[in-house]
Structure formats: C-alpha cells, structure tokens
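Novice: Supplied in structure tokens, the structure appears directly below.
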Amino acid sequence: MKAQETILLNLIKNVSPGFTIPIYQRFYSWKQAECLELWEDILRAGLDEKNNTHFLGSIVYVQDGIYSATAKSHLVIIDGQQRLTTIILLLIALSELLDEKQEIIEDFSKNKLKDWYLINHLEKDDKKYRLILSETDKDTLIALIEKRELPKEYSIRINENYIFFKNKLEQHKHQLEIICKGIEKLSVVDISLDRDHDNPQLIFESMNSTGKDLTQTDLIRNYILMGVDHKTQLTLYQSYWRPMELDFGQEGYQDYFDAFMRYYLAIKTKEFPKINHIYEAFKKYHKEKRSNIESLIADIRVYSQYFCKIALDQEENKKLSCAFKDFKELQVDVAYPLLLQLYDDYRKKCLPIEDFEKAVRLIESYIIRRSICGIPTNGLNKVFLNFANSIEKDKYSIEKDKYLESFQAKLILAPHQQRFPKDEEFQKEFISRNFYDFRNSKYCLERLENFGRKEKINVNNYTIEHIMPQNEKLSQEWQNDLGANWKDIQKNWLHTLGNLTLTGYNQEYGDKPFKEKRDLEGGFAKSPLKLNEYLRDINIWNEEAIINRANILSNQAIKIWIYPKLEESVLEKYKK
C-alpha cells in the first residue's frame with residue numbers, strides 16, 4: 001500500500017487511462033444534501049487565502065487493476081467513487097458554462113477541463129473516459145460528457161446532481177473565479193494498493209465514505225463478486241445481480257434490498273438477523289452452508305423475484321396482486337419470510353394459486369384481528385418465522401390439496417398468546433375500540449368501503465370524519481338528539497367505528513347538526529360511498545344509531561377478515 005496527499009485534479013489528469021468503478025461497487029448514491037455540502041466547501045476554500053488545500057477524503061484503488069496486470073487498464077476504485085463522481089459532474093457542468101476562449105483562471109478553460117479531466121483523447125472506446133462508472137451510471141455519465149440524449153433507463157442521481165451543479169453555477173456566475181480556485185485546492189489522500197500484498201476486500205469492508213456508510217447490500221455484493229476471477233465476476237453480475245438491480249429499480253434497490261436480504265436470511269437460518277448485522281449473518285450462513293457462490297447467488301435471485309412480486313407490485317395474477325397490496329397496507333414486515341416461503345411452495349407447485357391467495361388473506365386477517373383485539377405485537381417475528389419453518393418441515397409430507405388445510409390448522413391451533421381471535425372476540429373489540437387513533441383505521445375503512453365492489457374506489461383523497469362531533473361543547477341540537485346522557489355517549493362512542501366514516505368534505509361538515517351534514521351539498525345523502533349508505537335514510541344520530549351501524553360494519557368485517565374454519569374432526573389430525 002502506498003499513500004500520499006495529492007491535489008485531486010492532478011490525480012485525475014495524471015492517471016492513464018483513468019479510473020473505473022467495479023461492478024461490485026454500489027451505484028452512485030449521493031443526494032443533493034451531500035452535493036450542497038461539497039459546493040459550500042468549494043466556495044469556502046476558494047475564498048480562503050490562507051490555505052492552499054482543502055482536504056476532501058481518500059481515493060483508494062488497486063494499482064494494477066483488480067484482475068488485470070496490463071499497464072493500460074483503468075485503475076479500479078475501492079473507495080472514493082462518490083466524491084470522484086460528484087467532482088466529475090461539477091466539471092462537466094462547469095465546462096458547459098464556459099465559452100470556447102474563456103479561461104477563468106490558469107488551466108480552467110472549456111477545452112482543458114474536457115481534455116484533462118473528462119476525456120483522454122489518446123484512448124479509444126470506453127477507455128477514453130477518465131472515469132468509467134458501472135452499468136446505468138456509466139451510460140448516463142457518458143451521455144452528459146458527450147451531450148447526448150439520456151439513455152432510456154438513466155441514472156436519476158447522476159442526472160439530478162448534474163442539474164444541481166448546473167443551476168448553482170448559473171446562480172454564481174459572478175463567483176466563477178472563486179469556484180475554480182476552490183476546486184483547484186481540493187486534495188485527497190491517494191492510496192494505491194498492491195494486489196499481491198494488500199487485501200482489497202478487507203479494506204472495502206472497513207471503508208465508510210464521507211456522508212454515505214456502506215450498506216449491508218454493498219458489503220454482500222462485494223463479498224459475492226470481489227473474490228472471484230474477472231470472467232466469473234462478469235457472469236455472476238450479468239446473470240444474477242444485475243437482473244435484481246433492474247427488478248428493484250434504482251430507488252427500490254436502495255430502499256428495500258437490505259430488508260429483502262434480512263427476510264431471505266431469516267428463512268434460511270431460522271432467525272431474524274439484526275438490521276445492522278445482515279452482512280455478518282450472510283457470511284456465517286455461506287460458510288456453514290458451504291455452497292458455491294453461483295448456487296448461492298442464484299438462490300438469492302429466485303427469492304428476490306418473489307419479493308418484488310409481493311412488495312413491489314410485480315405480481316401478474318390480479319387476485320394475488322390485490323391480496324399483496326392489501327397486506328402491504330398493514331406494514332407488518334416480519335410476515336415477509338412466511339410470504340416468501342409460501343411463494344416458493346407455490347412456484348414449486350406444492351400450493352395451488354387459489355389456495356395461495358387464501359393463505360395471504362388469512363395472514364392479513366390474522367394480523368388485523370390481533371391488532372384490533374389489542375394482542376401485543378412483540379414476538380410476531382418469531383410467530384411468523386415458526387409458521388414458515390413448520391411449513392418447510394411439513395410440506396413434503398402433506399398432500400397438495402391438504403396444504404391450505406394444514407396452514408389453517410396451524411393458525412387455529414396456535415397457543416393463546418399467538419391465537420387467531422375468533423369472531424365473537426373480534427366483533428366485540430371491533431365495535432367498542434378507539435378506531436380514530438388506531439394505526440390502521442384508514443386501511444380498515446377502505447377495506448369496508450370496497451367490500452363487495454367489483455371495482456375498487458380509491459379513498460386517498462378522503463379523510464376520516466366524526467359523525468357526532470369531537471367538540472366537547474356540543475350544540476343544543478346535538479344534545480337533544482343524543483339525550484340527557486349525551487356526555488357519556490360522546491365519551492364512550494366518539495372514536496369508535498360506528499361514529500366514523502370517510503368524506504371529502506371534512507371542513508364543510510364541522511360541528512353542524514346531523515341533518516345538515518346529511519343534506520348539504522356533498523353531504524352523506526349524496527355521498528357515493530357505501531360507508532355512508534346507512535346515513536342517508538335516518539333522521540337522528542344517537543347511541544342506538546351508532547351501535548346499529550357498528551353492528552352492520554362488524555358483520556361485514558368478519559366476512560372480510562375471515563377466521564379459518566375447519567371441522568373438529570379435521571383439526572384432531574393436526575393436534576400433537
């Protein structure tokens with residue numbers, strides 16, 4: 001390893017032919033917050049007449065290329081791609097702003113910026129670019145350098161940050177000399193590694209770039225791809241990892257892939273790894289399993305497809321897709337290992353698609369019934385993982401047409417703390433609990449509204465309305481409707497489901513008497529929502545009306561969130 005401090009622009013200019021970002025590195029991920037911080041650092045450095053340098057961080061690379069000993073190969077970046085890429089974007093924007101003959105300070109002209117820091121005219125094809133990024137990032141950066149139309153699947157972050165710098169430069173045209181002086185002062189620690197003596201993988205694992213820690217996904221991808229020869233690396237990436245990146249999409253890959261790997265490892269290791277220890281759990285799993293890298297990444301690829309279908313709206317079957325969307329509204333992530341296990345069994349034809357959809361609906365029912373009944377949610381991760389493990393253990397001994405039956409039996413026979421609340425318990429709590437402050441209140445109202453509809457109504461633009469107002473100082477008309485004990489009625493039933501509905505006219509309703517709420521323009525009588533049907537034909541809103549409506553809705557609820565029903569004789573077979 002050799003390390004020395006150097007001016008960043010000199011490093012970019014003097015490296016021939018340039019730098020490349022290997023495929024095991026993450027995409028360019030800096031957001032505008034990091035770009036703004038860099039921009040302000042450059043302005044400060046440009047204004048600072050006392051210091052000749054401004055330290056930016058380190059650039060770590062393998063001197064002879066990771067897998068090539070040829071002198072002309074690009075140097076492979078191990079750490080520093082975020083800073084380096086961002087500076088290149090700034091230089092592209094700056095070169096476009098300058099006129100052909102304009103030189104702000106020495107060496108800062110349009111042609112010098114392009115020839116010294118963006119393109120090496122002595123090279124051909126990709127080698128002519130001073131910095132070669134990976135996949136989508138690469139094509140987008142080249143398009144910006146060459147002033148071409150952006151590719152169809154362009155890098156959102158690359159383009160956004162280029163526009164950010166372009167706008168900043170336009171706004172600060174009067175400070176171009178200061179900006180150029182600031183860029184000129186940027187320095188880095190230039191760290192070159194020798195592959196024969198240094199271990200790039202260990203160094204990669206320990207790196208935390210400025211403003212962007214390595215994610216668990218970064219480390220896992222590195223572990224899989226970095227330790228194999230170049231040909232195998234390309235094969236694994238193009239055949240397995242790149243398709244996963246495309247399936248998840250740029251934002252989805254950054255937002256969900258760590259979570260997916262956690263669910264994958266939960267299935268494989270029978271326990272949930274801690275969020276910040278996914279990589280360590282992955283390494284341990286691979287070492288204990290002793291499988292070759294290709295079979296491992298191929299298996300991850302298969303499960304990633306299941307996850308995208310479940311969590312990222314990529315399921316083709318309409319009923320199954322609808323079930324997944326409803327499940328996602330609950331935001332109960334710990335159930336994903338069970339869903340992934342079910343999807344694997346469905347793909348392997350152990351579980352018919354009709355039964356798969358019913359199983360997903362039962363999971364949704366199990367979650368919402370327990371939640372409404374106030375059963376503690378801590379430990380649900382173990383509950384769902386135990387379900388997944390028991391299915392894996394039993395599935396080959398169960399006849400195909402008995403799979404759903406076996407799954408229902410497991411739910412019914414769960415111990416008390418893991419119980420699936422029956423209709424009586426569920427309806428009692430459904431009618432009496434505080435729904436207004438319930439996390440899933442909007443979800444419940446939406447499901448009730450769309451129960452029995454052929455085409456779903458989108459209720460995103462509707463808000464929750466109290467039919468009997470929240471105001472403790474109710475008007476005389478409300479007091480008359482509710483009766484002498486109106487205070488107790490309001491206290492007991494205000495936030496219950498019987499007194500809640502959806503409306504697009506919440507502000508217009510205010511604390512108006514019930515008949516006015518019913519009959520005004522956009523009132524209950526003219527509402528297109530099924531939730532408001534009961535309100536169209538009654539003249540008084542009191543305790544009896546609230547309870548009647550609550551009973552109607554609770555009877556619908558047990559049809560939406562069904563309880564698994566098996567004959568006692570069938571259940572006996574599954575009791576142990």
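Simple scheme: letters A, B, ... for chains in structure tokens order, numbers from 1 for residues in each chain, numbers from 1 for ligands in the order shown.
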So which residues touch A:Asn10 within 12 Å, counting only C-alpha atoms, skipping near sequence neighbours fewer than 3 positions away, as number ranges by chain?
Specialist: A: 5-7, 13-16, 18, 107, 113, 116-117, 183-188, 190
Novice: If you run DSSP on this backbone, which residues of stretch 312-542 of chain A come out as strand (DSSP E), and could you give them as a ChimeraX atom specification?
Specialist: /A:463-466,500-503
Novice: Could you give me the residues within stretch 16-225 of chain A that DSSP places in helix (DSSP H, G or I), as an MDAnalysis selection string?
Specialist: chainID A and resid 32:47 81:97 110:118 125:128 135:146 156:171 173:185 200:206 216:225
Novice: Which distance in Å separates atom CA of A:Asn386 and atom CA of A:Arg262, to one decimal?
Specialist: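 Interatomic distance here is 15.9 Å.
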Novice: List the neighbours of A:Asp99 out to 10 Å using only C-alpha atoms; skip same-chain residues closer than 4 positions along the sequence, and give me the result as a list in words.
Specialist: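 Near A:Asp99, the qualifying residues are Ser95, Glu103, Ser109, Lys110 and Asn111 of chain A.
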Novice: Using only C-alpha atoms, pick whichever of A:Ala281, A:Trp241, A:Arg453, A:Tyr505 has the shortest atom-to-atom distance to A:Lys526.
Specialist: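 Counting only C-alpha atoms, the residue closest to A:Lys526 is A:Tyr505.
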Novice: Fewer than 2 positions away in the same chain doesn't count, so skip those; otherwise give me all residues within 12 Å of A:Tyr346, counting only C-alpha atoms, as a list in words.
Specialist: Tyr306, Leu320, Leu339, Leu340, Gln341, Leu342, Tyr343, Asp344, Lys348, Lys349, Cys350, Leu351, Pro352, Ile353, Glu354, Asp355, Phe356, Glu357, Ala359, Val360, Lys395, Lys400, Tyr403 and Leu404 of chain A
Novice: Save the residues we just selected, N, CA and C atoms, as a tab-separated table (two decimals), in the first residue's frame?
Specialist:
```
chain	number	residue	atom	x	y	z
A	306	TYR	N	-39.57	-13.32	-5.94
A	306	TYR	CA	-40.77	-13.44	-5.09
A	306	TYR	C	-41.03	-12.12	-4.37
A	320	LEU	N	-54.03	-12.32	-6.69
A	320	LEU	CA	-52.86	-12.39	-5.83
A	320	LEU	C	-52.25	-11.00	-5.64
A	339	LEU	N	-44.42	-15.18	3.77
A	339	LEU	CA	-44.92	-14.98	2.41
A	339	LEU	C	-43.93	-15.49	1.37
A	340	LEU	N	-42.66	-15.28	1.61
A	340	LEU	CA	-41.64	-15.77	0.68
A	340	LEU	C	-41.64	-17.30	0.65
A	341	GLN	N	-41.82	-17.92	1.82
A	341	GLN	CA	-41.88	-19.38	1.87
A	341	GLN	C	-43.10	-19.90	1.12
A	342	LEU	N	-44.24	-19.24	1.30
A	342	LEU	CA	-45.45	-19.63	0.58
A	342	LEU	C	-45.27	-19.46	-0.93
A	343	TYR	N	-44.61	-18.37	-1.33
A	343	TYR	CA	-44.41	-18.14	-2.76
A	343	TYR	C	-43.50	-19.22	-3.34
A	344	ASP	N	-42.50	-19.62	-2.58
A	344	ASP	CA	-41.60	-20.68	-3.06
A	344	ASP	C	-42.37	-21.99	-3.24
A	348	LYS	N	-43.08	-24.02	-6.72
A	348	LYS	CA	-42.70	-25.43	-6.84
A	348	LYS	C	-43.92	-26.35	-6.97
A	349	LYS	N	-45.09	-25.72	-7.14
A	349	LYS	CA	-46.35	-26.43	-7.37
A	349	LYS	C	-46.78	-27.29	-6.19
A	350	CYS	N	-46.35	-26.90	-5.00
A	350	CYS	CA	-46.84	-27.55	-3.78
A	350	CYS	C	-48.14	-26.90	-3.31
A	351	LEU	N	-48.39	-25.67	-3.78
A	351	LEU	CA	-49.53	-24.88	-3.32
A	351	LEU	C	-50.25	-24.28	-4.52
A	352	PRO	N	-51.50	-24.67	-4.77
A	352	PRO	CA	-52.27	-24.10	-5.88
A	352	PRO	C	-52.47	-22.60	-5.70
A	353	ILE	N	-52.57	-21.87	-6.80
A	353	ILE	CA	-52.65	-20.41	-6.73
A	353	ILE	C	-53.88	-19.94	-5.96
A	354	GLU	N	-55.01	-20.65	-6.09
A	354	GLU	CA	-56.22	-20.25	-5.36
A	354	GLU	C	-55.99	-20.34	-3.85
A	355	ASP	N	-55.31	-21.42	-3.43
A	355	ASP	CA	-55.03	-21.61	-2.01
A	355	ASP	C	-53.97	-20.63	-1.52
A	356	PHE	N	-53.04	-20.28	-2.40
A	356	PHE	CA	-52.03	-19.28	-2.05
A	356	PHE	C	-52.69	-17.94	-1.73
A	357	GLU	N	-53.62	-17.52	-2.57
A	357	GLU	CA	-54.32	-16.26	-2.35
A	357	GLU	C	-55.11	-16.31	-1.04
A	359	ALA	N	-54.34	-18.11	1.57
A	359	ALA	CA	-53.36	-18.10	2.66
A	359	ALA	C	-52.89	-16.67	2.95
A	360	VAL	N	-52.68	-15.88	1.89
A	360	VAL	CA	-52.28	-14.48	2.07
A	360	VAL	C	-53.39	-13.72	2.78
A	395	LYS	N	-44.05	-29.70	4.41
A	395	LYS	CA	-44.70	-29.60	3.09
A	395	LYS	C	-44.56	-30.85	2.23
A	400	LYS	N	-50.87	-32.24	-1.77
A	400	LYS	CA	-51.03	-30.91	-2.35
A	400	LYS	C	-52.36	-30.27	-1.99
A	403	TYR	N	-52.54	-28.74	1.68
A	403	TYR	CA	-51.59	-27.69	2.12
A	403	TYR	C	-52.32	-26.58	2.86
A	404	LEU	N	-53.37	-26.01	2.24
A	404	LEU	CA	-54.11	-24.92	2.86
A	404	LEU	C	-54.76	-25.38	4.16
```
Novice: Neighbours of A:Ile42 within 6 Å (only C-alpha atoms; same-chain residues fewer than 2 positions away dropped), as a VMD selection string?
Specialist: chain A and resid 39 to 40 44 to 45 182 to 183
Novice: Got a sec: who's within 7 Å of stretch 436-439 of chain A, counting only C-alpha atoms, leaving out chain neighbours fewer than 2 positions off, as a list in words?
Specialist: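 Counting only C-alpha atoms, the residues come to Asn434, Ser441, His495 and Thr496 of chain A.
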Novice: Could you save the residues just selected, with C-alpha atoms, as an mmCIF file, in the first residue's frame?
Specialist:
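Dumped everything to selection20.cif:
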```
data_model
loop_
_atom_site.group_PDB
_atom_site.id
_atom_site.type_symbol
_atom_site.label_atom_id
_atom_site.label_comp_id
_atom_site.auth_asym_id
_atom_site.auth_seq_id
_atom_site.Cartn_x
_atom_site.Cartn_y
_atom_site.Cartn_z
ATOM 1 C CA ASN A 434 -60.925 3.527 19.703
ATOM 2 C CA SER A 441 -58.013 2.983 10.776
ATOM 3 C CA HIS A 495 -63.850 7.470 18.309
ATOM 4 C CA THR A 496 -65.495 4.105 17.648
#
```
Novice: So that I can check the surroundings of A:Cys180, please list as a VMD selection string every protein, DNA and RNA residue that reaches within 9 Å of it, counting only C-alpha atoms and ignoring chain neighbours fewer than 5 positions away.
Specialist: chain A and resid 42 to 43 46 104 to 105 108 175 185
